[in-house]
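Asker: Contents are compact mmCIF, N, CA and C atoms and all ligand atoms; file name start28.txt:
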```txt
# COMPACT_ATOMS: atom_id res chain seq x y z
N MET A 1 9.73 8.80 59.38
CA MET A 1 9.70 7.95 58.18
C MET A 1 10.57 6.71 58.41
N GLN A 2 10.00 5.55 58.10
CA GLN A 2 10.65 4.29 58.40
C GLN A 2 11.04 3.58 57.09
N ARG A 3 12.08 2.73 57.18
CA ARG A 3 12.46 1.92 56.01
C ARG A 3 12.53 0.45 56.38
N THR A 4 12.18 -0.39 55.42
CA THR A 4 12.30 -1.83 55.62
C THR A 4 12.98 -2.46 54.42
N LEU A 5 13.47 -3.68 54.59
CA LEU A 5 14.09 -4.42 53.49
C LEU A 5 13.17 -5.57 53.14
N SER A 6 12.80 -5.64 51.87
CA SER A 6 12.00 -6.78 51.42
C SER A 6 12.73 -7.51 50.31
N ILE A 7 12.48 -8.81 50.21
CA ILE A 7 13.07 -9.63 49.16
C ILE A 7 11.97 -10.46 48.51
N VAL A 8 11.92 -10.41 47.16
CA VAL A 8 11.15 -11.41 46.43
C VAL A 8 12.09 -12.61 46.31
N LYS A 9 11.77 -13.68 47.03
CA LYS A 9 12.67 -14.83 47.13
C LYS A 9 12.71 -15.60 45.80
N PRO A 10 13.65 -16.56 45.66
CA PRO A 10 13.79 -17.27 44.37
C PRO A 10 12.48 -17.90 43.87
N ASP A 11 11.64 -18.39 44.78
CA ASP A 11 10.36 -18.99 44.32
C ASP A 11 9.42 -17.91 43.80
N GLY A 12 9.47 -16.72 44.39
CA GLY A 12 8.64 -15.61 43.93
C GLY A 12 9.05 -15.13 42.54
N VAL A 13 10.37 -15.08 42.31
CA VAL A 13 10.86 -14.68 40.99
C VAL A 13 10.46 -15.73 39.96
N LYS A 14 10.62 -17.03 40.31
CA LYS A 14 10.26 -18.11 39.37
C LYS A 14 8.77 -18.09 39.02
N LYS A 15 7.95 -17.68 39.98
CA LYS A 15 6.50 -17.63 39.74
C LYS A 15 6.03 -16.31 39.12
N ASN A 16 7.00 -15.48 38.67
CA ASN A 16 6.66 -14.19 38.02
C ASN A 16 5.86 -13.27 38.93
N LEU A 17 6.26 -13.21 40.20
CA LEU A 17 5.51 -12.40 41.17
C LEU A 17 6.20 -11.09 41.54
N ILE A 18 7.27 -10.72 40.81
CA ILE A 18 7.99 -9.49 41.16
C ILE A 18 7.03 -8.29 41.13
N GLY A 19 6.34 -8.13 40.01
CA GLY A 19 5.42 -6.99 39.86
C GLY A 19 4.26 -7.04 40.84
N GLU A 20 3.74 -8.24 41.06
CA GLU A 20 2.63 -8.43 42.01
C GLU A 20 3.02 -7.93 43.41
N LEU A 21 4.22 -8.31 43.85
CA LEU A 21 4.64 -7.93 45.20
C LEU A 21 4.92 -6.43 45.29
N ILE A 22 5.66 -5.91 44.31
CA ILE A 22 5.94 -4.47 44.31
C ILE A 22 4.62 -3.70 44.26
N GLY A 23 3.68 -4.18 43.45
CA GLY A 23 2.36 -3.53 43.36
C GLY A 23 1.64 -3.49 44.69
N ARG A 24 1.69 -4.59 45.42
CA ARG A 24 1.02 -4.61 46.73
C ARG A 24 1.64 -3.58 47.68
N PHE A 25 2.96 -3.44 47.62
CA PHE A 25 3.62 -2.45 48.49
C PHE A 25 3.28 -1.02 48.04
N GLU A 26 3.34 -0.79 46.73
CA GLU A 26 3.07 0.56 46.23
C GLU A 26 1.62 0.98 46.48
N LYS A 27 0.71 0.03 46.40
CA LYS A 27 -0.71 0.36 46.63
C LYS A 27 -0.97 0.87 48.04
N GLN A 28 -0.08 0.53 48.96
CA GLN A 28 -0.21 1.03 50.33
C GLN A 28 0.28 2.48 50.45
N GLY A 29 0.86 2.99 49.37
CA GLY A 29 1.40 4.35 49.40
C GLY A 29 2.88 4.39 49.76
N PHE A 30 3.49 3.20 49.91
CA PHE A 30 4.92 3.17 50.23
C PHE A 30 5.75 3.43 48.98
N ARG A 31 6.95 3.96 49.19
CA ARG A 31 7.85 4.25 48.07
C ARG A 31 9.02 3.27 48.07
N ILE A 32 9.33 2.76 46.87
CA ILE A 32 10.53 1.94 46.69
C ILE A 32 11.70 2.91 46.59
N VAL A 33 12.66 2.83 47.51
CA VAL A 33 13.78 3.78 47.51
C VAL A 33 15.10 3.13 47.07
N ALA A 34 15.07 1.80 46.87
CA ALA A 34 16.22 1.07 46.32
C ALA A 34 15.71 -0.27 45.80
N LEU A 35 16.31 -0.74 44.69
CA LEU A 35 15.79 -1.96 44.06
C LEU A 35 16.85 -2.59 43.18
N LYS A 36 17.02 -3.90 43.28
CA LYS A 36 17.90 -4.61 42.33
C LYS A 36 17.64 -6.10 42.34
N MET A 37 18.04 -6.75 41.24
CA MET A 37 17.98 -8.21 41.15
C MET A 37 19.39 -8.75 41.29
N ILE A 38 19.54 -9.73 42.16
CA ILE A 38 20.86 -10.35 42.37
C ILE A 38 20.68 -11.86 42.52
N HIS A 39 21.76 -12.60 42.28
CA HIS A 39 21.76 -14.04 42.57
C HIS A 39 22.81 -14.26 43.65
N MET A 40 22.35 -14.45 44.89
CA MET A 40 23.28 -14.59 46.01
C MET A 40 24.02 -15.91 45.97
N SER A 41 25.27 -15.86 46.38
CA SER A 41 26.00 -17.10 46.64
C SER A 41 25.48 -17.67 47.96
N LYS A 42 25.80 -18.94 48.19
CA LYS A 42 25.44 -19.57 49.48
C LYS A 42 26.00 -18.75 50.64
N ARG A 43 27.25 -18.32 50.48
CA ARG A 43 27.91 -17.57 51.55
C ARG A 43 27.21 -16.22 51.80
N GLU A 44 26.78 -15.57 50.73
CA GLU A 44 26.07 -14.29 50.89
C GLU A 44 24.72 -14.50 51.57
N ALA A 45 24.03 -15.60 51.24
CA ALA A 45 22.76 -15.90 51.89
C ALA A 45 22.99 -16.23 53.37
N GLU A 46 24.07 -16.92 53.67
CA GLU A 46 24.41 -17.23 55.07
C GLU A 46 24.65 -15.96 55.86
N GLY A 47 25.30 -14.98 55.24
CA GLY A 47 25.56 -13.71 55.93
C GLY A 47 24.27 -12.95 56.19
N PHE A 48 23.37 -12.98 55.23
CA PHE A 48 22.10 -12.27 55.41
C PHE A 48 21.30 -12.88 56.56
N TYR A 49 21.27 -14.20 56.63
CA TYR A 49 20.46 -14.90 57.64
C TYR A 49 21.28 -15.32 58.86
N ILE A 50 22.35 -14.56 59.15
CA ILE A 50 23.25 -14.95 60.23
C ILE A 50 22.52 -15.10 61.58
N VAL A 51 21.44 -14.34 61.78
CA VAL A 51 20.69 -14.45 63.05
C VAL A 51 20.08 -15.85 63.22
N HIS A 52 19.93 -16.59 62.13
CA HIS A 52 19.32 -17.92 62.19
C HIS A 52 20.36 -19.04 62.15
N LYS A 53 21.63 -18.67 62.34
CA LYS A 53 22.74 -19.62 62.21
C LYS A 53 22.54 -20.91 63.02
N ALA A 54 21.98 -20.76 64.21
CA ALA A 54 21.84 -21.93 65.10
C ALA A 54 20.58 -22.75 64.81
N ARG A 55 19.72 -22.27 63.94
CA ARG A 55 18.44 -22.96 63.67
C ARG A 55 18.66 -24.20 62.81
N PRO A 56 17.83 -25.23 63.01
CA PRO A 56 18.00 -26.46 62.22
C PRO A 56 17.76 -26.25 60.72
N PHE A 57 17.01 -25.20 60.37
CA PHE A 57 16.69 -24.99 58.95
C PHE A 57 17.68 -24.05 58.24
N TYR A 58 18.75 -23.64 58.93
CA TYR A 58 19.69 -22.66 58.37
C TYR A 58 20.31 -23.13 57.04
N GLY A 59 20.71 -24.38 56.98
CA GLY A 59 21.33 -24.90 55.76
C GLY A 59 20.37 -24.89 54.58
N GLU A 60 19.17 -25.43 54.79
CA GLU A 60 18.18 -25.48 53.71
C GLU A 60 17.74 -24.08 53.29
N LEU A 61 17.58 -23.21 54.29
CA LEU A 61 17.15 -21.83 54.02
C LEU A 61 18.17 -21.11 53.13
N THR A 62 19.44 -21.26 53.45
CA THR A 62 20.46 -20.51 52.70
C THR A 62 20.74 -21.16 51.33
N THR A 63 20.52 -22.47 51.22
CA THR A 63 20.59 -23.12 49.90
C THR A 63 19.45 -22.62 49.02
N PHE A 64 18.26 -22.56 49.59
CA PHE A 64 17.10 -22.04 48.85
C PHE A 64 17.31 -20.60 48.42
N MET A 65 17.78 -19.76 49.33
CA MET A 65 17.93 -18.34 49.01
C MET A 65 19.02 -18.08 47.97
N SER A 66 19.88 -19.08 47.73
CA SER A 66 20.93 -18.92 46.72
C SER A 66 20.66 -19.79 45.48
N GLU A 67 19.47 -20.37 45.37
CA GLU A 67 19.19 -21.28 44.23
C GLU A 67 18.89 -20.52 42.93
N GLY A 68 18.54 -19.24 43.04
CA GLY A 68 18.22 -18.45 41.85
C GLY A 68 18.17 -16.99 42.21
N PRO A 69 17.89 -16.14 41.21
CA PRO A 69 17.86 -14.70 41.48
C PRO A 69 16.75 -14.29 42.44
N VAL A 70 17.01 -13.22 43.14
CA VAL A 70 16.03 -12.59 44.03
C VAL A 70 15.95 -11.11 43.67
N VAL A 71 14.87 -10.46 44.08
CA VAL A 71 14.78 -9.01 43.94
C VAL A 71 14.76 -8.42 45.35
N VAL A 72 15.75 -7.59 45.62
CA VAL A 72 15.84 -6.95 46.94
C VAL A 72 15.43 -5.50 46.81
N MET A 73 14.73 -5.01 47.81
CA MET A 73 14.29 -3.61 47.75
C MET A 73 14.21 -3.01 49.14
N ALA A 74 14.48 -1.70 49.21
CA ALA A 74 14.23 -0.93 50.42
C ALA A 74 12.96 -0.13 50.18
N ILE A 75 12.07 -0.17 51.16
CA ILE A 75 10.77 0.47 51.03
C ILE A 75 10.61 1.46 52.18
N GLU A 76 10.04 2.62 51.85
CA GLU A 76 9.95 3.70 52.84
C GLU A 76 8.50 4.12 53.06
N GLY A 77 8.17 4.44 54.29
CA GLY A 77 6.84 4.96 54.60
C GLY A 77 6.55 4.88 56.09
N ASN A 78 5.49 5.54 56.49
CA ASN A 78 5.09 5.48 57.90
C ASN A 78 4.60 4.08 58.25
N GLY A 79 5.21 3.49 59.26
CA GLY A 79 4.79 2.16 59.72
C GLY A 79 5.06 1.05 58.73
N VAL A 80 6.03 1.27 57.81
CA VAL A 80 6.24 0.30 56.72
C VAL A 80 6.70 -1.07 57.22
N ILE A 81 7.45 -1.11 58.30
CA ILE A 81 7.98 -2.40 58.78
C ILE A 81 6.83 -3.35 59.14
N ASP A 82 5.95 -2.90 60.01
CA ASP A 82 4.84 -3.76 60.44
C ASP A 82 3.84 -4.00 59.31
N LYS A 83 3.62 -2.98 58.48
CA LYS A 83 2.63 -3.14 57.40
C LYS A 83 3.09 -4.17 56.38
N VAL A 84 4.37 -4.14 56.04
CA VAL A 84 4.88 -5.15 55.09
C VAL A 84 4.78 -6.54 55.70
N ARG A 85 5.09 -6.67 56.99
CA ARG A 85 4.93 -7.97 57.66
C ARG A 85 3.48 -8.43 57.60
N GLU A 86 2.56 -7.50 57.76
CA GLU A 86 1.13 -7.83 57.69
C GLU A 86 0.75 -8.29 56.27
N LEU A 87 1.24 -7.58 55.27
CA LEU A 87 0.95 -7.96 53.88
C LEU A 87 1.55 -9.32 53.53
N MET A 88 2.71 -9.66 54.13
CA MET A 88 3.37 -10.94 53.88
C MET A 88 2.56 -12.11 54.41
N GLY A 89 2.02 -11.96 55.60
CA GLY A 89 1.36 -13.07 56.28
C GLY A 89 2.35 -13.88 57.09
N ALA A 90 1.83 -14.84 57.85
CA ALA A 90 2.67 -15.65 58.75
C ALA A 90 3.72 -16.43 57.96
N THR A 91 4.84 -16.73 58.65
CA THR A 91 5.97 -17.44 58.05
C THR A 91 5.51 -18.72 57.35
N ASN A 92 4.66 -19.50 58.05
CA ASN A 92 4.10 -20.72 57.45
C ASN A 92 2.81 -20.37 56.73
N PRO A 93 2.77 -20.56 55.41
CA PRO A 93 1.56 -20.17 54.66
C PRO A 93 0.29 -20.82 55.18
N LYS A 94 0.42 -21.98 55.85
CA LYS A 94 -0.76 -22.63 56.44
C LYS A 94 -1.39 -21.76 57.52
N ASP A 95 -0.56 -20.92 58.16
CA ASP A 95 -1.05 -20.04 59.22
C ASP A 95 -1.32 -18.62 58.73
N ALA A 96 -1.05 -18.36 57.47
CA ALA A 96 -1.14 -16.99 56.95
C ALA A 96 -2.60 -16.60 56.68
N ALA A 97 -2.94 -15.39 57.05
CA ALA A 97 -4.31 -14.89 56.87
C ALA A 97 -4.66 -14.83 55.38
N PRO A 98 -5.93 -15.09 55.04
CA PRO A 98 -6.35 -15.01 53.64
C PRO A 98 -6.03 -13.64 53.04
N GLY A 99 -5.60 -13.64 51.80
CA GLY A 99 -5.30 -12.38 51.12
C GLY A 99 -3.89 -11.89 51.32
N THR A 100 -3.13 -12.54 52.21
CA THR A 100 -1.73 -12.15 52.37
C THR A 100 -0.90 -12.80 51.26
N ILE A 101 0.30 -12.27 51.06
CA ILE A 101 1.16 -12.76 49.99
C ILE A 101 1.45 -14.25 50.16
N ARG A 102 1.79 -14.65 51.39
CA ARG A 102 2.14 -16.06 51.61
C ARG A 102 0.92 -16.97 51.48
N ALA A 103 -0.23 -16.51 51.96
CA ALA A 103 -1.44 -17.32 51.80
C ALA A 103 -1.77 -17.48 50.32
N ASP A 104 -1.58 -16.44 49.55
CA ASP A 104 -1.96 -16.47 48.13
C ASP A 104 -0.97 -17.28 47.27
N PHE A 105 0.32 -17.27 47.63
CA PHE A 105 1.31 -17.78 46.67
C PHE A 105 2.32 -18.81 47.21
N ALA A 106 2.49 -18.93 48.53
CA ALA A 106 3.59 -19.76 49.04
C ALA A 106 3.23 -21.25 49.05
N ASP A 107 4.21 -22.10 48.73
CA ASP A 107 4.01 -23.55 48.73
C ASP A 107 4.12 -24.12 50.14
N ASN A 108 5.07 -23.64 50.92
CA ASN A 108 5.30 -24.18 52.27
C ASN A 108 6.20 -23.23 53.05
N VAL A 109 6.48 -23.58 54.31
CA VAL A 109 7.23 -22.68 55.20
C VAL A 109 8.65 -22.41 54.68
N GLU A 110 9.21 -23.39 53.97
CA GLU A 110 10.59 -23.22 53.49
C GLU A 110 10.64 -22.35 52.23
N ARG A 111 9.59 -22.40 51.45
CA ARG A 111 9.53 -21.63 50.19
C ARG A 111 8.33 -20.70 50.30
N ASN A 112 8.58 -19.54 50.93
CA ASN A 112 7.44 -18.68 51.29
C ASN A 112 7.48 -17.29 50.64
N ILE A 113 8.10 -17.23 49.46
CA ILE A 113 7.92 -16.12 48.50
C ILE A 113 8.58 -14.79 48.86
N VAL A 114 8.51 -14.40 50.12
CA VAL A 114 8.85 -13.01 50.44
C VAL A 114 9.56 -12.90 51.80
N HIS A 115 10.45 -11.93 51.87
CA HIS A 115 11.08 -11.55 53.15
C HIS A 115 10.71 -10.11 53.48
N GLY A 116 10.58 -9.81 54.75
CA GLY A 116 10.45 -8.44 55.21
C GLY A 116 11.11 -8.30 56.57
N SER A 117 11.83 -7.21 56.78
CA SER A 117 12.49 -6.98 58.08
C SER A 117 11.46 -7.07 59.20
N ASP A 118 11.83 -7.67 60.34
CA ASP A 118 10.87 -7.84 61.43
C ASP A 118 10.94 -6.74 62.48
N SER A 119 11.89 -5.81 62.35
CA SER A 119 12.02 -4.72 63.33
C SER A 119 12.92 -3.64 62.73
N ALA A 120 12.93 -2.48 63.38
CA ALA A 120 13.81 -1.40 62.93
C ALA A 120 15.27 -1.83 63.07
N GLU A 121 15.56 -2.60 64.11
CA GLU A 121 16.93 -3.08 64.32
C GLU A 121 17.35 -4.01 63.16
N SER A 122 16.45 -4.93 62.79
CA SER A 122 16.75 -5.82 61.66
C SER A 122 16.93 -5.02 60.38
N ALA A 123 16.06 -4.06 60.13
CA ALA A 123 16.15 -3.25 58.91
C ALA A 123 17.49 -2.52 58.85
N SER A 124 17.98 -2.08 59.98
CA SER A 124 19.23 -1.31 59.98
C SER A 124 20.44 -2.20 59.71
N PHE A 125 20.29 -3.50 59.84
CA PHE A 125 21.33 -4.45 59.38
C PHE A 125 21.08 -4.85 57.93
N GLU A 126 19.81 -5.12 57.60
CA GLU A 126 19.48 -5.74 56.31
C GLU A 126 19.59 -4.77 55.12
N ILE A 127 19.19 -3.52 55.29
CA ILE A 127 19.26 -2.58 54.16
C ILE A 127 20.71 -2.36 53.73
N PRO A 128 21.62 -2.03 54.66
CA PRO A 128 23.02 -1.85 54.24
C PRO A 128 23.71 -3.15 53.81
N TYR A 129 23.11 -4.31 54.13
CA TYR A 129 23.70 -5.58 53.64
C TYR A 129 23.67 -5.59 52.11
N PHE A 130 22.65 -4.98 51.52
CA PHE A 130 22.47 -5.00 50.07
C PHE A 130 22.72 -3.66 49.38
N PHE A 131 22.51 -2.56 50.07
CA PHE A 131 22.55 -1.25 49.42
C PHE A 131 23.49 -0.29 50.14
N SER A 132 24.35 0.37 49.34
CA SER A 132 25.16 1.45 49.90
C SER A 132 24.30 2.71 49.98
N ALA A 133 24.75 3.70 50.70
CA ALA A 133 24.00 4.96 50.83
C ALA A 133 23.73 5.57 49.45
N LEU A 134 24.68 5.40 48.52
CA LEU A 134 24.53 5.98 47.18
C LEU A 134 23.45 5.29 46.36
N GLU A 135 23.08 4.07 46.75
CA GLU A 135 22.08 3.31 45.99
C GLU A 135 20.67 3.51 46.52
N ILE A 136 20.52 4.29 47.58
CA ILE A 136 19.21 4.55 48.15
C ILE A 136 18.83 6.00 47.83
N VAL A 137 17.69 6.18 47.19
CA VAL A 137 17.30 7.55 46.82
C VAL A 137 16.56 8.20 48.00
N GLY A 138 16.70 9.50 48.09
CA GLY A 138 16.08 10.22 49.19
C GLY A 138 14.57 10.21 48.98
P1 LIG B 1 10.08 -14.70 58.52
O1 LIG B 1 10.59 -14.91 57.12
O2 LIG B 1 8.57 -14.75 58.56
O3 LIG B 1 10.64 -13.48 59.18
P2 LIG B 1 11.87 -16.23 60.21
O4 LIG B 1 12.72 -15.00 60.29
O5 LIG B 1 11.48 -16.87 61.50
O6 LIG B 1 10.53 -15.96 59.37
O7 LIG B 1 12.62 -17.33 59.36
C1 LIG B 1 13.32 -16.96 58.19
C2 LIG B 1 13.00 -17.95 57.10
O8 LIG B 1 13.47 -19.24 57.49
C3 LIG B 1 11.51 -18.14 56.82
O9 LIG B 1 10.99 -17.16 55.95
C4 LIG B 1 11.49 -19.50 56.23
C5 LIG B 1 12.58 -20.24 57.01
N1 LIG B 1 11.99 -20.95 58.16
C6 LIG B 1 11.51 -20.41 59.29
N2 LIG B 1 11.02 -21.32 60.13
C7 LIG B 1 11.19 -22.52 59.49
C8 LIG B 1 10.90 -23.86 59.82
N3 LIG B 1 10.33 -24.19 60.98
N4 LIG B 1 11.21 -24.81 58.90
C9 LIG B 1 11.80 -24.49 57.74
N5 LIG B 1 12.12 -23.23 57.37
C10 LIG B 1 11.81 -22.26 58.23
MG MG B 2 12.56 -13.02 59.76
```
Would you mind writing the file out in structure tokens?
Answerer:
Amino acid sequence: MQRTLSIVKPDGVKKNLIGELIGRFEKQGFRIVALKMIHMSKREAEGFYIVHKARPFYGELTTFMSEGPVVVMAIEGNGVIDKVRELMGATNPKDAAPGTIRADFADNVERNIVHGSDSAESASFEIPYFFSALEIVG
């Protein structure tokens, strides 16, 4: 059984897509095992995206991720990491396959609605970044 970390980003929350995104994950048979709404500070967003520190878009990305509330969730299921990435679509909505979350709802590469861990290694950093063991249900 695998777990991934997903985020409804500030643009997704503003567009009232929280239920839409959770619904797409649940329809796959995955279980939400942790969930909360938070408004990250710039510093907290910088910590989450620390792997992208050297990228030219790091400043804009972390300003965007702290511009409003987000919904963070841990999702559990067989193959959930890759499946959530598939449901999200490519990082740039212009390249995202039809019917994916980003193709359906994202304005551009910087404001692309959703995050999902890209590997088991990433998930093992990202889930505990937001949730303690006590906040994740078995
Ligand atoms: P993903 O979110 O698909 O895992 P990523 O980890 O490469 O993509 O990048 C994290 C976020 O950073 C991405 O969702 C949006 C932003 N980003 C990525 N590439 C970008 C670019 N070329 N210009 C602006 N923002 C970018
Ligand atoms: Mg990524």
Asker: DSSP on the backbone, alpha helix (DSSP H) only: what residues of segment 13-85 of chain A does that give? Format it as number ranges by chain.
Answerer: A: 13-14, 18-27, 42-48, 58-65, 80-85
Asker: Here is a test: counting only C-alpha atoms, which residue of A:Arg3, A:Lys14, A:Arg111, A:Ile22 is nearest to Glu60 of chain A?
Answerer: A:Arg111
Asker: Could you state the separation of atom N of Met40 of chain A and atom N of Lys83 of chain A in Å, given to one decimal place?
Answerer: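 Computed distance, atom N of Met40 of chain A to atom N of Lys83 of chain A, equals 25.8 Å.
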Asker: If the limit is 7 Å from any atom of ligand MG 2 (chain B), counting only C-alpha atoms and all ligand atoms, which residues qualify? Return them as a PyMOL selection string.
Answerer: chain A and resi 115-118
Asker: Check the smallest atom-to-atom distance from each of A:Ser124, A:Ile101, A:Ala90, A:Tyr129 to ligand LIG 1 (chain B) using all atoms listed in the file, then report the winner.
Answerer: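 Among the listed residues, the smallest separation from ligand LIG 1 (chain B) belongs to A:Ala90.
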Asker: Got a sec to check which residues lie within 10 Å of ligand LIG 1 (chain B), using only C-alpha atoms and all ligand atoms, and send them as a ChimeraX atom specification?
Answerer: /A:7,9,49,51-52,55-62,64-65,85,88-93,102,108-119
Asker: Which value, in Å to one decimal, gives the distance between atom C of Asp82 of chain A and atom CA of Ile38 of chain A?
Answerer: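 Taking atom C of Asp82 of chain A as the start and atom CA of Ile38 of chain A as the end point, the length is 24.8 Å.
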Asker: When distances are computed from only N, CA and C atoms, which of A:Leu5, A:Ala106, A:Val71, A:Ala34 shows the smallest separation from Ile18 of chain A?
Answerer: A:Val71
Asker: What does the distance from atom N of Pro10 of chain A to atom CA of Ser41 of chain A come to in Å, to one decimal?
Answerer: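 Between these atoms lies a distance of 12.4 Å.
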Asker: List every residue of chain A that DSSP, applied to the backbone, labels as strand (DSSP E), and write the result as a list in words.
Answerer: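 For chain A, the strand (DSSP E) set is Gln2, Arg3, Thr4, Leu5, Ser6, Ile7, Val8, Arg31, Ile32, Val33, Ala34, Leu35, Lys36, Met37, Ile38, Val70, Val71, Val72, Met73, Ala74, Ile75, Glu76, Gly77, Val114, His115 and Gly116 of chain A.
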Asker: Choose the residue, out of A:Ala133, A:Val80, A:Ser66, A:Val8, that has the smallest atom-to-atom separation from Glu44 of chain A; count only N, CA and C atoms.
Answerer: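 Of the candidates, the smallest distance to Glu44 of chain A is held by A:Ser66.
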Asker: Using only C-alpha atoms, which residue out of A:Leu87, A:Met1, A:Val33, A:Val72 lies closest to Glu135 of chain A?
Answerer: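 Between A:Leu87, A:Met1, A:Val33, A:Val72, the residue approaching Glu135 of chain A most closely is A:Val33.
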Asker: Given all atoms listed in the file as the basis, pick out the residue of A:Leu17, A:Val70, A:Ile50, A:Leu35 nearest to Phe131 of chain A.
Answerer: A:Leu35
Asker: Show me, as AutoDock Vina command-line options, the centre and edge lengths in Å to one decimal of the axis-aligned box that covers every listed atom of segment 5-9 of chain A with 5 Å on each side.
Answerer:
```
--center_x 12.6 --center_y -9.6 --center_z 50.2 --size_x 12.9 --size_y 21.9 --size_z 18.8
```
Asker: Pick out the residues sitting within 8 Å of Gly77 of chain A, and hand them over as a list in words; count only N, CA and C atoms, and ignore anything fewer than 3 positions along from it in its own chain.
Answerer: Met1, Gln2, Arg3, Thr4, Gly29, Phe30, Arg31, Ile32, Ala74, Val80 and Ile81 of chain A
